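> Hey, dropping run.cif in here, mmCIF, C-alpha atoms:
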data_run
loop_
_atom_site.label_atom_id
_atom_site.label_comp_id
_atom_site.auth_asym_id
_atom_site.auth_seq_id
_atom_site.Cartn_x
_atom_site.Cartn_y
_atom_site.Cartn_z
CA MET Q 46 0.00 0.00 0.00
CA LEU Q 47 3.01 2.24 0.54
CA GLU Q 48 4.14 2.04 -3.08
CA PRO Q 49 1.21 3.95 -4.63
CA ILE Q 50 1.51 6.60 -1.90
CA LEU Q 51 5.22 7.16 -2.54
CA LEU Q 52 4.70 7.14 -6.31
CA SER Q 53 1.82 9.61 -6.03
CA LEU Q 54 3.97 11.93 -3.91
CA ARG Q 55 6.84 11.69 -6.41
CA ILE Q 56 4.60 12.29 -9.44
CA ALA Q 57 2.69 15.15 -7.79
CA SER Q 58 5.91 16.83 -6.56
CA ILE Q 59 7.58 16.77 -9.97
CA ALA Q 60 4.34 17.78 -11.73
CA THR Q 61 3.98 20.72 -9.30
CA VAL Q 62 7.50 21.90 -10.12
CA PHE Q 63 6.66 21.83 -13.84
CA SER Q 64 3.31 23.54 -13.43
CA PHE Q 65 4.94 26.14 -11.14
CA LEU Q 66 7.63 26.98 -13.70
CA PHE Q 67 5.24 27.09 -16.66
CA GLY Q 68 2.42 28.68 -14.65
CA VAL Q 69 4.62 31.58 -13.52
CA LEU Q 70 6.14 31.96 -16.99
CA PHE Q 71 2.78 31.96 -18.80
CA ALA Q 72 1.11 34.21 -16.21
CA TYR Q 73 3.95 36.73 -16.48
CA ILE Q 74 4.13 36.74 -20.27
CA LEU Q 75 0.36 36.80 -20.84
CA ASN Q 76 -0.46 39.37 -18.17
CA LYS Q 77 2.55 41.66 -17.98
CA LYS Q 78 3.50 41.78 -21.65
CA ASN Q 79 1.41 42.65 -24.66
CA ILE Q 80 1.25 39.26 -26.32
CA PRO Q 81 -0.98 38.84 -29.38
CA GLY Q 82 -3.65 36.17 -29.02
CA LYS Q 83 -3.62 36.35 -25.22
CA ASN Q 84 -7.19 35.06 -24.94
CA PHE Q 85 -6.42 32.06 -27.18
CA TRP Q 86 -3.38 31.00 -25.15
CA GLU Q 87 -5.17 31.54 -21.86
CA THR Q 88 -8.11 29.41 -23.00
CA LEU Q 89 -5.74 26.68 -24.14
CA ILE Q 90 -3.97 26.60 -20.76
CA THR Q 91 -7.27 26.57 -18.86
CA LEU Q 92 -8.92 23.89 -21.03
CA PRO Q 93 -7.71 20.83 -19.02
CA MET Q 94 -9.55 22.26 -15.99
CA ILE Q 95 -12.96 22.05 -17.65
CA LEU Q 96 -12.51 19.16 -20.10
CA PRO Q 97 -13.38 15.65 -18.89
CA PRO Q 98 -10.10 14.00 -17.76
CA SER Q 99 -10.71 11.27 -20.36
CA VAL Q 100 -10.63 13.89 -23.13
CA THR Q 101 -7.36 15.35 -21.80
CA GLY Q 102 -6.06 11.79 -21.52
CA TYR Q 103 -7.08 11.04 -25.10
CA PHE Q 104 -5.23 14.12 -26.38
CA LEU Q 105 -2.17 13.07 -24.39
CA LEU Q 106 -2.46 9.57 -25.79
CA MET Q 107 -2.40 11.03 -29.30
CA LEU Q 108 0.73 12.99 -28.38
CA LEU Q 109 2.62 10.47 -26.28
CA GLY Q 110 1.45 7.14 -27.79
CA LYS Q 111 3.71 4.92 -29.90
CA ARG Q 112 2.35 6.58 -33.03
CA GLY Q 113 1.81 9.94 -31.36
CA VAL Q 114 3.54 13.18 -32.37
CA ILE Q 115 5.96 13.19 -29.44
CA GLY Q 116 5.86 9.47 -28.58
CA SER Q 117 7.00 8.34 -32.04
CA VAL Q 118 9.88 10.86 -32.05
CA LEU Q 119 11.06 9.63 -28.63
CA ILE Q 120 10.98 6.02 -29.83
CA ASP Q 121 12.75 6.81 -33.13
CA MET Q 122 15.47 8.99 -31.59
CA PHE Q 123 16.09 7.43 -28.16
CA GLY Q 124 14.27 4.11 -28.29
CA PHE Q 125 12.28 5.34 -25.30
CA LYS Q 126 8.61 4.46 -24.94
CA ILE Q 127 7.03 7.04 -22.66
CA ILE Q 128 3.49 5.72 -22.68
CA PHE Q 129 2.55 3.59 -19.63
CA THR Q 130 5.49 4.84 -17.61
CA TRP Q 131 5.42 7.08 -14.53
CA TYR Q 132 6.89 9.85 -16.72
CA ALA Q 133 3.62 9.89 -18.64
CA ALA Q 134 1.80 10.19 -15.30
CA VAL Q 135 3.95 13.24 -14.49
CA ILE Q 136 3.01 14.83 -17.81
CA ALA Q 137 -0.70 14.11 -17.23
CA ALA Q 138 -0.56 15.51 -13.70
CA SER Q 139 1.37 18.59 -14.91
CA ILE Q 140 -1.18 19.31 -17.63
CA VAL Q 141 -4.23 19.01 -15.37
CA SER Q 142 -2.66 20.99 -12.52
CA LEU Q 143 -1.34 23.79 -14.76
CA PRO Q 144 -4.70 25.65 -15.05
CA LEU Q 145 -5.03 25.90 -11.26
CA MET Q 146 -1.47 27.14 -10.96
CA TYR Q 147 -1.92 29.57 -13.84
CA GLN Q 148 -5.19 31.03 -12.56
CA ASN Q 149 -3.79 31.59 -9.07
CA VAL Q 150 -0.52 33.10 -10.26
CA LYS Q 151 -2.36 35.27 -12.76
CA ALA Q 152 -4.69 36.60 -10.05
CA ALA Q 153 -1.67 37.19 -7.81
CA PHE Q 154 0.20 39.15 -10.53
CA VAL Q 155 -2.88 41.19 -11.45
CA ASN Q 156 -3.34 42.10 -7.77
CA VAL Q 157 0.14 43.61 -7.54
CA ASP Q 158 -0.43 47.35 -7.83
CA PRO Q 159 1.34 48.42 -11.06
CA ALA Q 160 2.38 51.63 -9.25
CA TYR Q 161 5.12 49.63 -7.46
CA GLU Q 162 6.55 48.39 -10.75
CA ARG Q 163 6.33 51.88 -12.23
CA ALA Q 164 8.09 53.34 -9.20
CA ALA Q 165 10.84 50.73 -9.52
CA ARG Q 166 11.32 51.65 -13.19
CA THR Q 167 11.76 55.33 -12.32
CA LEU Q 168 14.42 54.20 -9.81
CA GLY Q 169 16.40 52.68 -12.67
CA SER Q 170 15.52 49.04 -12.08
CA SER Q 171 15.67 46.45 -14.86
CA GLU Q 172 12.55 44.40 -15.66
CA PHE Q 173 14.27 41.29 -14.28
CA ARG Q 174 15.05 42.99 -10.96
CA ILE Q 175 11.51 44.36 -10.77
CA PHE Q 176 10.16 40.83 -11.23
CA THR Q 177 12.44 39.23 -8.63
CA THR Q 178 12.25 41.98 -5.99
CA ILE Q 179 8.76 43.46 -6.40
CA THR Q 180 6.30 41.45 -8.52
CA PHE Q 181 7.20 37.94 -7.39
CA PRO Q 182 7.51 38.65 -3.63
CA LEU Q 183 4.25 40.62 -3.60
CA ALA Q 184 2.48 37.87 -5.53
CA TRP Q 185 3.98 35.15 -3.30
CA PRO Q 186 0.86 34.39 -1.21
CA GLY Q 187 -1.15 33.81 -4.41
CA ILE Q 188 1.66 31.75 -5.88
CA ILE Q 189 1.77 29.58 -2.74
CA SER Q 190 -2.00 29.04 -3.11
CA GLY Q 191 -1.36 27.96 -6.69
CA ILE Q 192 1.39 25.54 -5.60
CA VAL Q 193 -0.76 23.91 -2.92
CA LEU Q 194 -3.87 23.62 -5.10
CA ALA Q 195 -1.84 22.34 -8.07
CA PHE Q 196 -0.16 19.75 -5.84
CA CYS Q 197 -3.54 18.60 -4.49
CA ARG Q 198 -4.92 18.38 -8.02
CA ALA Q 199 -1.85 16.49 -9.23
CA ILE Q 200 -1.94 13.98 -6.40
CA GLY Q 201 -5.64 13.36 -7.00
CA GLU Q 202 -5.32 13.01 -10.77
CA PHE Q 203 -7.07 9.88 -12.04
CA GLY Q 204 -8.67 9.89 -15.51
CA ALA Q 205 -5.88 11.21 -17.72
CA THR Q 206 -3.25 9.30 -15.72
CA LEU Q 207 -5.12 6.03 -16.21
CA MET Q 208 -5.24 6.58 -19.97
CA VAL Q 209 -1.56 7.43 -20.47
CA ALA Q 210 0.14 5.59 -17.60
CA GLY Q 211 -2.26 2.74 -16.90
CA ASN Q 212 -2.40 1.00 -13.55
CA ILE Q 213 0.73 -1.13 -13.24
CA PRO Q 214 1.31 -1.92 -9.54
CA GLY Q 215 4.77 -0.79 -8.40
CA LYS Q 216 5.31 1.06 -11.68
CA THR Q 217 2.50 3.45 -12.51
CA GLN Q 218 -0.15 2.74 -9.89
CA THR Q 219 -0.98 5.96 -7.99
CA VAL Q 220 -3.27 6.34 -4.97
CA PRO Q 221 -6.39 7.26 -7.01
CA THR Q 222 -5.96 4.32 -9.40
CA ALA Q 223 -5.15 2.01 -6.47
CA ILE Q 224 -8.42 3.10 -4.78
CA TYR Q 225 -10.38 2.48 -7.98
CA TYR Q 226 -9.03 -1.04 -8.42
CA ALA Q 227 -9.29 -1.85 -4.70
CA VAL Q 228 -13.01 -0.96 -4.87
CA GLU Q 229 -13.45 -2.91 -8.10
CA ASN Q 230 -11.80 -5.96 -6.54
CA GLY Q 231 -13.81 -5.66 -3.31
CA ASN Q 232 -10.74 -4.81 -1.22
CA THR Q 233 -12.55 -2.34 1.03
CA THR Q 234 -9.84 -2.25 3.73
CA GLU Q 235 -7.27 -0.98 1.27
CA ALA Q 236 -9.77 1.39 -0.34
CA ASN Q 237 -10.85 2.82 3.04
CA THR Q 238 -7.28 3.31 4.20
CA LEU Q 239 -6.17 5.06 1.01
CA VAL Q 240 -9.32 7.22 0.93
CA LEU Q 241 -8.71 8.25 4.54
CA ILE Q 242 -5.05 9.07 3.87
CA MET Q 243 -5.92 11.13 0.76
CA THR Q 244 -8.71 13.01 2.52
CA VAL Q 245 -6.71 13.83 5.65
CA PHE Q 246 -3.64 14.80 3.61
CA SER Q 247 -5.57 17.16 1.33
CA PHE Q 248 -7.52 18.64 4.25
CA VAL Q 249 -4.34 19.37 6.22
CA LEU Q 250 -2.67 20.99 3.20
CA ILE Q 251 -5.59 23.32 2.44
CA PHE Q 252 -6.16 24.09 6.14
CA ALA Q 253 -2.48 24.99 6.60
CA LEU Q 254 -2.57 27.14 3.46
CA ASN Q 255 -5.59 29.10 4.69
CA LYS Q 256 -3.95 29.63 8.09
CA TRP Q 257 -0.76 30.86 6.48
CA LEU Q 258 -2.64 33.22 4.17
CA GLU Q 259 -4.56 34.66 7.12
CA LYS Q 260 -1.29 35.50 8.87
CA ARG Q 261 0.57 36.87 5.91
CA ASN Q 262 -0.71 40.21 4.77
CA TYR Q 263 1.77 42.89 3.90
CA LEU Q 264 -0.75 45.62 3.22
CA GLY Q 265 -3.43 45.07 5.78
CA LYS Q 266 -1.48 44.65 9.01
CA MET U 35 18.98 73.26 -14.83
CA ALA U 36 16.44 74.24 -17.50
CA VAL U 37 13.60 71.87 -18.32
CA SER U 38 11.48 71.99 -21.45
CA PHE U 39 8.71 69.81 -22.73
CA GLN U 40 6.26 69.86 -25.56
CA LEU U 41 3.80 67.00 -25.57
CA ASN U 42 0.94 65.75 -27.72
CA LYS U 43 -1.15 62.83 -26.62
CA GLN U 44 -4.62 61.73 -27.63
CA LEU U 45 -6.57 60.89 -24.48
CA ASP U 46 -10.08 59.42 -24.19
CA GLN U 47 -11.87 62.75 -23.83
CA PHE U 48 -9.50 65.24 -25.42
CA GLN U 49 -6.15 65.87 -27.03
CA LEU U 50 -3.36 66.80 -24.60
CA ASN U 51 -1.27 69.56 -26.11
CA VAL U 52 1.14 71.38 -23.80
CA ALA U 53 4.45 73.14 -24.11
CA CYS U 54 6.54 74.68 -21.36
CA ARG U 55 10.08 75.72 -20.57
CA PHE U 56 11.30 76.71 -17.11
CA PRO U 57 14.80 77.53 -15.93
CA GLY U 58 14.73 75.42 -12.74
CA GLY U 59 12.99 75.80 -9.39
CA VAL U 60 9.47 74.53 -8.86
CA LEU U 61 6.90 74.41 -11.64
CA VAL U 62 3.42 73.83 -10.26
CA ILE U 63 0.86 72.44 -12.69
CA GLN U 64 -2.69 72.98 -11.54
CA GLY U 65 -6.04 72.04 -12.95
CA GLU U 66 -9.18 70.02 -12.37
CA SER U 67 -9.07 66.25 -12.02
CA GLY U 68 -8.80 64.65 -15.44
CA SER U 69 -7.30 67.71 -17.11
CA GLY U 70 -4.18 65.75 -18.11
CA LYS U 71 -1.79 66.72 -15.29
CA SER U 72 -0.59 63.23 -14.40
CA THR U 73 -0.32 62.31 -18.09
CA ILE U 74 2.27 65.08 -18.46
CA LEU U 75 4.37 63.56 -15.66
CA ASN U 76 4.01 60.07 -17.10
CA CYS U 77 5.13 61.26 -20.53
CA ILE U 78 8.11 63.18 -19.12
CA SER U 79 9.22 60.22 -16.99
CA GLY U 80 8.87 57.81 -19.92
CA LEU U 81 6.21 55.68 -18.23
CA LEU U 82 3.87 56.68 -21.05
CA GLN U 83 4.79 57.42 -24.62
CA PRO U 84 3.39 60.64 -26.08
CA ASP U 85 2.17 60.73 -29.69
CA GLY U 86 4.73 63.41 -30.43
CA GLY U 87 6.79 66.19 -28.96
CA HIS U 88 10.05 66.83 -27.18
CA VAL U 89 11.36 66.47 -23.61
CA GLN U 90 14.68 67.94 -22.54
CA VAL U 91 16.33 68.32 -19.13
CA GLY U 92 19.45 70.49 -19.26
CA ASP U 93 21.41 69.34 -22.31
CA ARG U 94 19.89 65.87 -22.32
CA VAL U 95 17.16 65.13 -24.82
CA LEU U 96 14.97 62.42 -23.29
CA TYR U 97 12.37 62.26 -26.01
CA ASP U 98 12.10 63.75 -29.46
CA ASP U 99 9.77 62.39 -32.09
CA GLY U 100 11.61 64.22 -34.89
CA THR U 101 14.99 62.57 -34.22
CA LYS U 102 13.39 59.37 -32.83
CA VAL U 103 15.03 59.77 -29.42
CA ASN U 104 13.09 57.91 -26.74
CA LEU U 105 15.14 57.01 -23.68
CA PRO U 106 13.71 54.20 -21.55
CA VAL U 107 12.40 55.19 -18.09
CA GLN U 108 15.43 53.64 -16.42
CA GLN U 109 17.85 55.93 -18.29
CA ARG U 110 16.02 59.23 -17.84
CA ASN U 111 17.32 59.93 -14.31
CA ILE U 112 14.03 61.40 -13.18
CA GLY U 113 12.73 61.04 -9.62
CA TYR U 114 9.02 60.42 -9.24
CA VAL U 115 6.86 60.65 -6.13
CA PHE U 116 3.52 59.02 -6.85
CA GLN U 117 0.20 60.15 -5.46
CA ASN U 118 -0.07 57.14 -3.11
CA TYR U 119 3.75 57.14 -2.68
CA ALA U 120 4.05 53.54 -4.04
CA LEU U 121 6.48 52.57 -1.28
CA PHE U 122 7.37 48.91 -1.72
CA PRO U 123 5.28 47.15 0.96
CA ASN U 124 7.59 44.13 1.15
CA MET U 125 10.63 46.25 2.04
CA THR U 126 11.55 48.28 5.09
CA VAL U 127 11.99 52.04 4.80
CA GLU U 128 15.75 51.50 4.59
CA LYS U 129 15.41 48.94 1.78
CA ASN U 130 13.08 51.33 -0.07
CA ILE U 131 15.76 54.02 0.04
CA LEU U 132 18.51 51.58 -0.95
CA TYR U 133 16.53 50.21 -3.90
CA GLY U 134 17.30 53.04 -6.30
CA LEU U 135 20.88 53.40 -5.08
CA GLN U 136 21.60 49.75 -5.88
CA ASN U 137 20.69 50.46 -9.52
CA GLN U 138 23.29 53.22 -9.79
CA PRO U 139 26.41 52.26 -11.78
CA ASP U 140 28.64 53.32 -8.83
CA PHE U 141 26.93 50.98 -6.40
CA LYS U 142 25.65 48.16 -8.63
CA ASP U 143 26.47 44.54 -7.66
CA GLY U 144 27.69 45.51 -4.20
CA LYS U 145 30.30 48.06 -5.37
CA ASN U 146 31.34 50.80 -2.89
CA LYS U 147 28.94 49.45 -0.30
CA ALA U 148 30.31 51.54 2.59
CA GLU U 149 29.99 54.74 0.57
CA MET U 150 26.47 53.80 -0.50
CA LEU U 151 25.40 53.18 3.11
CA ARG U 152 26.97 56.46 4.23
CA TYR U 153 25.06 58.35 1.57
CA MET U 154 21.85 56.55 2.48
CA ASP U 155 22.35 57.53 6.14
CA TYR U 156 22.91 61.14 5.09
CA ILE U 157 19.67 61.19 3.09
CA MET U 158 17.72 59.47 5.87
CA ASP U 159 19.05 61.99 8.41
CA THR U 160 18.23 64.89 6.09
CA PHE U 161 14.64 63.70 5.69
CA ARG U 162 14.39 62.77 9.40
CA ILE U 163 13.44 59.17 8.75
CA SER U 164 16.48 57.42 10.31
CA HIS U 165 14.36 56.16 13.21
CA LEU U 166 12.04 54.43 10.71
CA ARG U 167 14.73 52.44 8.94
CA LYS U 168 13.55 48.98 10.07
CA LYS U 169 9.85 49.75 9.78
CA TYR U 170 7.57 48.65 6.97
CA PRO U 171 5.57 51.28 5.03
CA PHE U 172 2.21 50.07 6.36
CA THR U 173 3.32 50.82 9.93
CA ILE U 174 4.30 54.48 9.42
CA SER U 175 2.16 57.62 9.27
CA GLY U 176 1.12 59.54 6.14
CA GLY U 177 3.68 62.29 6.74
CA GLU U 178 6.44 59.72 7.27
CA LYS U 179 5.44 57.94 4.08
CA GLN U 180 5.61 61.23 2.21
CA ARG U 181 9.12 61.95 3.56
CA THR U 182 10.25 58.41 2.73
CA ALA U 183 8.90 58.66 -0.83
CA LEU U 184 10.65 61.99 -1.32
CA ALA U 185 13.91 60.61 0.11
CA ARG U 186 13.67 57.54 -2.14
CA ALA U 187 13.17 59.72 -5.20
CA ILE U 188 15.97 62.16 -4.37
CA VAL U 189 18.58 59.60 -3.25
CA THR U 190 19.46 58.75 -6.86
CA LYS U 191 20.35 62.41 -7.52
CA PRO U 192 17.80 62.89 -10.31
CA ASP U 193 18.07 65.71 -12.83
CA LEU U 194 14.36 66.41 -12.39
CA LEU U 195 11.85 65.53 -9.70
CA LEU U 196 8.18 64.85 -10.47
CA LEU U 197 5.66 65.05 -7.65
CA ASP U 198 2.11 63.87 -8.38
CA GLU U 199 -0.16 65.41 -5.75
CA PRO U 200 2.14 64.32 -2.91
CA PHE U 201 0.15 66.13 -0.23
CA SER U 202 -3.38 65.13 -1.22
CA ALA U 203 -3.58 62.06 1.06
CA LEU U 204 -2.55 63.99 4.19
CA ASP U 205 -4.80 65.52 6.84
CA MET U 206 -4.67 69.29 7.40
CA LYS U 207 -2.44 69.13 10.49
CA THR U 208 0.13 66.87 8.81
CA LYS U 209 -0.04 69.00 5.66
CA GLN U 210 1.15 72.10 7.57
CA ILE U 211 4.22 70.22 8.84
CA VAL U 212 4.95 68.63 5.46
CA TYR U 213 4.58 71.98 3.64
CA GLN U 214 7.27 73.43 5.92
CA GLU U 215 9.51 70.43 5.29
CA PHE U 216 9.04 70.75 1.55
CA LEU U 217 10.04 74.42 1.68
CA GLU U 218 13.21 73.37 3.55
CA PHE U 219 13.80 70.69 0.92
CA LYS U 220 13.38 73.28 -1.84
CA HIS U 221 16.08 75.47 -0.32
CA GLN U 222 18.46 72.59 0.40
CA PHE U 223 18.25 70.69 -2.87
CA HIS U 224 18.32 72.56 -6.13
CA THR U 225 16.79 69.84 -8.26
CA PRO U 226 14.13 71.21 -10.67
CA VAL U 227 10.68 70.07 -9.59
CA ILE U 228 7.36 69.67 -11.39
CA LEU U 229 4.62 69.52 -8.80
CA ILE U 230 1.07 68.53 -9.67
CA SER U 231 -1.58 69.94 -7.40
CA HIS U 232 -5.22 70.91 -7.49
CA ASP U 233 -4.88 72.98 -4.32
CA PRO U 234 -4.22 76.67 -5.19
CA ARG U 235 -2.54 77.22 -1.78
CA GLU U 236 0.21 74.79 -2.74
CA GLY U 237 0.82 76.82 -5.86
CA ASP U 238 1.07 80.00 -3.76
CA LEU U 239 3.47 78.33 -1.33
CA PHE U 240 5.87 76.52 -3.64
CA ALA U 241 5.61 77.77 -7.20
CA ASP U 242 8.38 79.61 -8.99
CA HIS U 243 6.44 79.02 -12.20
CA ARG U 244 2.85 78.00 -12.71
CA LEU U 245 0.68 76.41 -15.37
CA TYR U 246 -3.08 76.09 -15.30
CA LEU U 247 -4.42 73.24 -17.34
CA GLU U 248 -7.90 72.70 -18.73
CA GLN U 249 -8.87 69.76 -20.94
CA GLY U 250 -5.25 69.15 -21.90
CA HIS U 251 -4.45 72.76 -22.79
CA VAL U 252 -2.55 75.45 -20.92
CA VAL U 253 -5.01 78.22 -20.15
CA GLU U 254 -2.76 80.39 -18.00
CA ARG U 255 0.94 80.76 -17.22
CA LEU U 256 2.45 82.69 -14.32
#
What's the structure tokens form of this structure?

Amino acid sequence: MLEPILLSLRIASIATVFSFLFGVLFAYILNKKNIPGKNFWETLITLPMILPPSVTGYFLLMLLGKRGVIGSVLIDMFGFKIIFTWYAAVIAASIVSLPLMYQNVKAAFVNVDPAYERAARTLGSSEFRIFTTITFPLAWPGIISGIVLAFCRAIGEFGATLMVAGNIPGKTQTVPTAIYYAVENGNTTEANTLVLIMTVFSFVLIFALNKWLEKRNYLGK
Amino acid sequence: MAVSFQLNKQLDQFQLNVACRFPGGVLVIQGESGSGKSTILNCISGLLQPDGGHVQVGDRVLYDDGTKVNLPVQQRNIGYVFQNYALFPNMTVEKNILYGLQNQPDFKDGKNKAEMLRYMDYIMDTFRISHLRKKYPFTISGGEKQRTALARAIVTKPDLLLLDEPFSALDMKTKQIVYQEFLEFKHQFHTPVILISHDPREGDLFADHRLYLEQGHVVERL
């Protein structure tokens, strides 16, 4: 029972790093720079949040499968089959957690009063320094929310993961897929235990986040 | 140091069209809200690009549509005190003052740190904010914020200082103190200043030169 827990933690952690990097990058580019087609790109990033996980999984299958756009290139060039590996689960979890990360980081960036960035410019600061010393630190509480929610989403990912990584015990079986198959096989003890662990874990994370956000308020206190 | 600007900018309600030259001292621009006062400051500082015109401080041309000169904000060496002061809320008063200094070529990347800190102390003493150095902006009073914002803008030794209604957020009692401090500042530092205000008393108190603006046009000069 420990294996799916450890694998879920590993997949969700790596997926959160990816969605953090891309979420911050996309939120900065799309909301702080004048990029043509902003609405199109934003819709594309947000799509996995509202599409059924099976649809996202199907798209990923078309990309990562043996005859998929990326999957076939990986096989031809490196002899590496990504489908039904835990790497594919990381990609699935990254894709489905990215919208949550993006939306939170975007809201956090938009909430940073542009007057601070303008003031920093008049003080001779480069755009990079403004980002690292003003925009990012002021947006940090919102970014932390994004990280926690994206992690929770990634660890709970089921549909898309099942389609691209399958349910191979010890290899690609995560907690949600382990719960599904435990229920299907009538193993209620395992199902109950994993459900309890997932519920308590997610509750504690969100509870701690809310507590932290209550305490941290630069402007109000 | 002489300052001259001629600016054209199409705004939502009207066309801004102003020209002015003053030989230094304090130029007070007055007018109703929405008459284009802040747009002038934003165009001079480079935060906003005008449709055409010319901005020059001393011998330096900062913007000229004819010769396609358009220096980025960072290279204009203009101090700016915003209406709400825009003090960085995640930094102490001391860090706010240091922020601009650390962008200066003399002090960049930790160069001449002792000299930089000495100069910062001098500015903080001059503006009587040394006792606030470890405090965050949200813990200090309106008058202290105003002094900090002014110190932060002047610490980089700008060629021109822009003040966008810096007294409007203060209560009457604080205003009297801050007015006195600003007069002291005016005598101590000889940086040319453009001060935006809609309070005629501030014009009477501080102005060496005055512009009255209406719907983006100068209607009176004194």
> On this structure, which residues satisfy the PyMOL selection byres ((chain Q) within 7 of (chain U)), written as a PyMOL selection string?
chain Q and resi 160-161+164+166-170+183+263-264
> Is it possible to get the residues within 6 Å of (13.3, 73.2, -23.4) (coordinates as in the file, counting all atoms listed in the file) written as an MDAnalysis selection string?
chainID U and resid 37:39 55 90
> Would you kindly translate the PyMOL selection byres ((chain U and resi 195-211) around 7) into the concrete residues it picks from this file, as a PyMOL selection string?
chain U and resi 72+75+112-117+176-177+180+192-194+212-215+225-231
> Could you name the residues that touch Q:Glu87 at 10 Å or less, counting all atoms listed in the file, but leaving out those on the same chain fewer than 6 positions away, as a ChimeraX atom specification?
/Q:71-72,75-76,144,147-148
> Any chance you could resolve the PyMOL selection byres ((chain Q and resi 134) around 10) against this file and give the residues as a PDB file with C-alpha atoms, in the coordinates of the input?

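So part_26.pdb came out as:
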ATOM      1  CA  LEU Q  52       4.700   7.140  -6.310  1.00  0.00           C
ATOM      2  CA  SER Q  53       1.820   9.610  -6.030  1.00  0.00           C
ATOM      3  CA  ILE Q  56       4.600  12.290  -9.440  1.00  0.00           C
ATOM      4  CA  ALA Q  57       2.690  15.150  -7.790  1.00  0.00           C
ATOM      5  CA  ALA Q  60       4.340  17.780 -11.730  1.00  0.00           C
ATOM      6  CA  ILE Q 127       7.030   7.040 -22.660  1.00  0.00           C
ATOM      7  CA  ILE Q 128       3.490   5.720 -22.680  1.00  0.00           C
ATOM      8  CA  PHE Q 129       2.550   3.590 -19.630  1.00  0.00           C
ATOM      9  CA  THR Q 130       5.490   4.840 -17.610  1.00  0.00           C
ATOM     10  CA  TRP Q 131       5.420   7.080 -14.530  1.00  0.00           C
ATOM     11  CA  TYR Q 132       6.890   9.850 -16.720  1.00  0.00           C
ATOM     12  CA  ALA Q 133       3.620   9.890 -18.640  1.00  0.00           C
ATOM     13  CA  VAL Q 135       3.950  13.240 -14.490  1.00  0.00           C
ATOM     14  CA  ILE Q 136       3.010  14.830 -17.810  1.00  0.00           C
ATOM     15  CA  ALA Q 137      -0.700  14.110 -17.230  1.00  0.00           C
ATOM     16  CA  ALA Q 138      -0.560  15.510 -13.700  1.00  0.00           C
ATOM     17  CA  SER Q 139       1.370  18.590 -14.910  1.00  0.00           C
ATOM     18  CA  ILE Q 140      -1.180  19.310 -17.630  1.00  0.00           C
ATOM     19  CA  ALA Q 199      -1.850  16.490  -9.230  1.00  0.00           C
ATOM     20  CA  GLU Q 202      -5.320  13.010 -10.770  1.00  0.00           C
ATOM     21  CA  PHE Q 203      -7.070   9.880 -12.040  1.00  0.00           C
ATOM     22  CA  ALA Q 205      -5.880  11.210 -17.720  1.00  0.00           C
ATOM     23  CA  THR Q 206      -3.250   9.300 -15.720  1.00  0.00           C
ATOM     24  CA  LEU Q 207      -5.120   6.030 -16.210  1.00  0.00           C
ATOM     25  CA  MET Q 208      -5.240   6.580 -19.970  1.00  0.00           C
ATOM     26  CA  VAL Q 209      -1.560   7.430 -20.470  1.00  0.00           C
ATOM     27  CA  ALA Q 210       0.140   5.590 -17.600  1.00  0.00           C
ATOM     28  CA  GLY Q 211      -2.260   2.740 -16.900  1.00  0.00           C
ATOM     29  CA  THR Q 217       2.500   3.450 -12.510  1.00  0.00           C
ATOM     30  CA  GLN Q 218      -0.150   2.740  -9.890  1.00  0.00           C
ATOM     31  CA  THR Q 219      -0.980   5.960  -7.990  1.00  0.00           C
TER      32      THR Q 219
END
> When you look at stretch 234-246 of chain Q with a cut-off of 10 Å (counting all atoms listed in the file), what residues show up, excluding the ones that are within fewer than 2 positions of it in the same chain? I need them as a PyMOL selection string.
chain Q and resi 46-47+49-50+197+200-201+220-221+223-232+248-252
> Restricting the calculation to only C-alpha atoms, which member of U:Phe161, U:Gly237, U:Ile78, U:His232 is positioned closest to U:Gln40?
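Selected residue with least distance to U:Gln40: U:Ile78.
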> Take every atom of stretch 138-148 of chain Q listed in the file, pad by 8 Å on each side, and give me the axis-aligned box centre and edge lengths in Å, one decimal, as JSON.

{"center_x": -1.9, "center_y": 23.3, "center_z": -14.3, "size_x": 22.6, "size_y": 31.5, "size_z": 22.7}
> For atom CA of Q:Leu143 and atom CA of Q:Ile90, determine how far apart the two atoms are, in Å to one decimal place.
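According to the coordinates, atom CA of Q:Leu143 and atom CA of Q:Ile90 are separated by 7.1 Å.
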> Separation of atom CA of U:Gly250 and atom CA of U:Val91, in Å?
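Computing the Euclidean distance for atom CA of U:Gly250 and atom CA of U:Val91 yields 21.8 Å.
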> Near U:Leu239, counting only C-alpha atoms, which residues have an atom at most 9 Å away, once you skip same-chain residues fewer than 4 positions from it, shown as a PyMOL selection string?
chain U and resi 213+217+234-235
> Could the residues in this selection be saved with C-alpha atoms as a short mmCIF file (atom, residue, chain, number, x, y, z; two decimals), in the coordinates of the input?

data_model
loop_
_atom_site.label_atom_id
_atom_site.label_comp_id
_atom_site.auth_asym_id
_atom_site.auth_seq_id
_atom_site.Cartn_x
_atom_site.Cartn_y
_atom_site.Cartn_z
CA TYR U 213 4.58 71.98 3.64
CA LEU U 217 10.04 74.42 1.68
CA PRO U 234 -4.22 76.67 -5.19
CA ARG U 235 -2.54 77.22 -1.78
#
> Would you pick out the contacts of U:Thr160 at 9 Å or less, using all atoms listed in the file, so that residues sharing its chain but fewer than 5 positions from it are not included, and give the list as an MDAnalysis selection string?
chainID U and resid 155 185 219
> Set the distance at 9 Å and use only C-alpha atoms: which residues neighbour U:Phe48 once local chain neighbours fewer than 2 positions away are removed? I'd like the list as an MDAnalysis selection string.
chainID U and resid 43:46 50 69 249:250
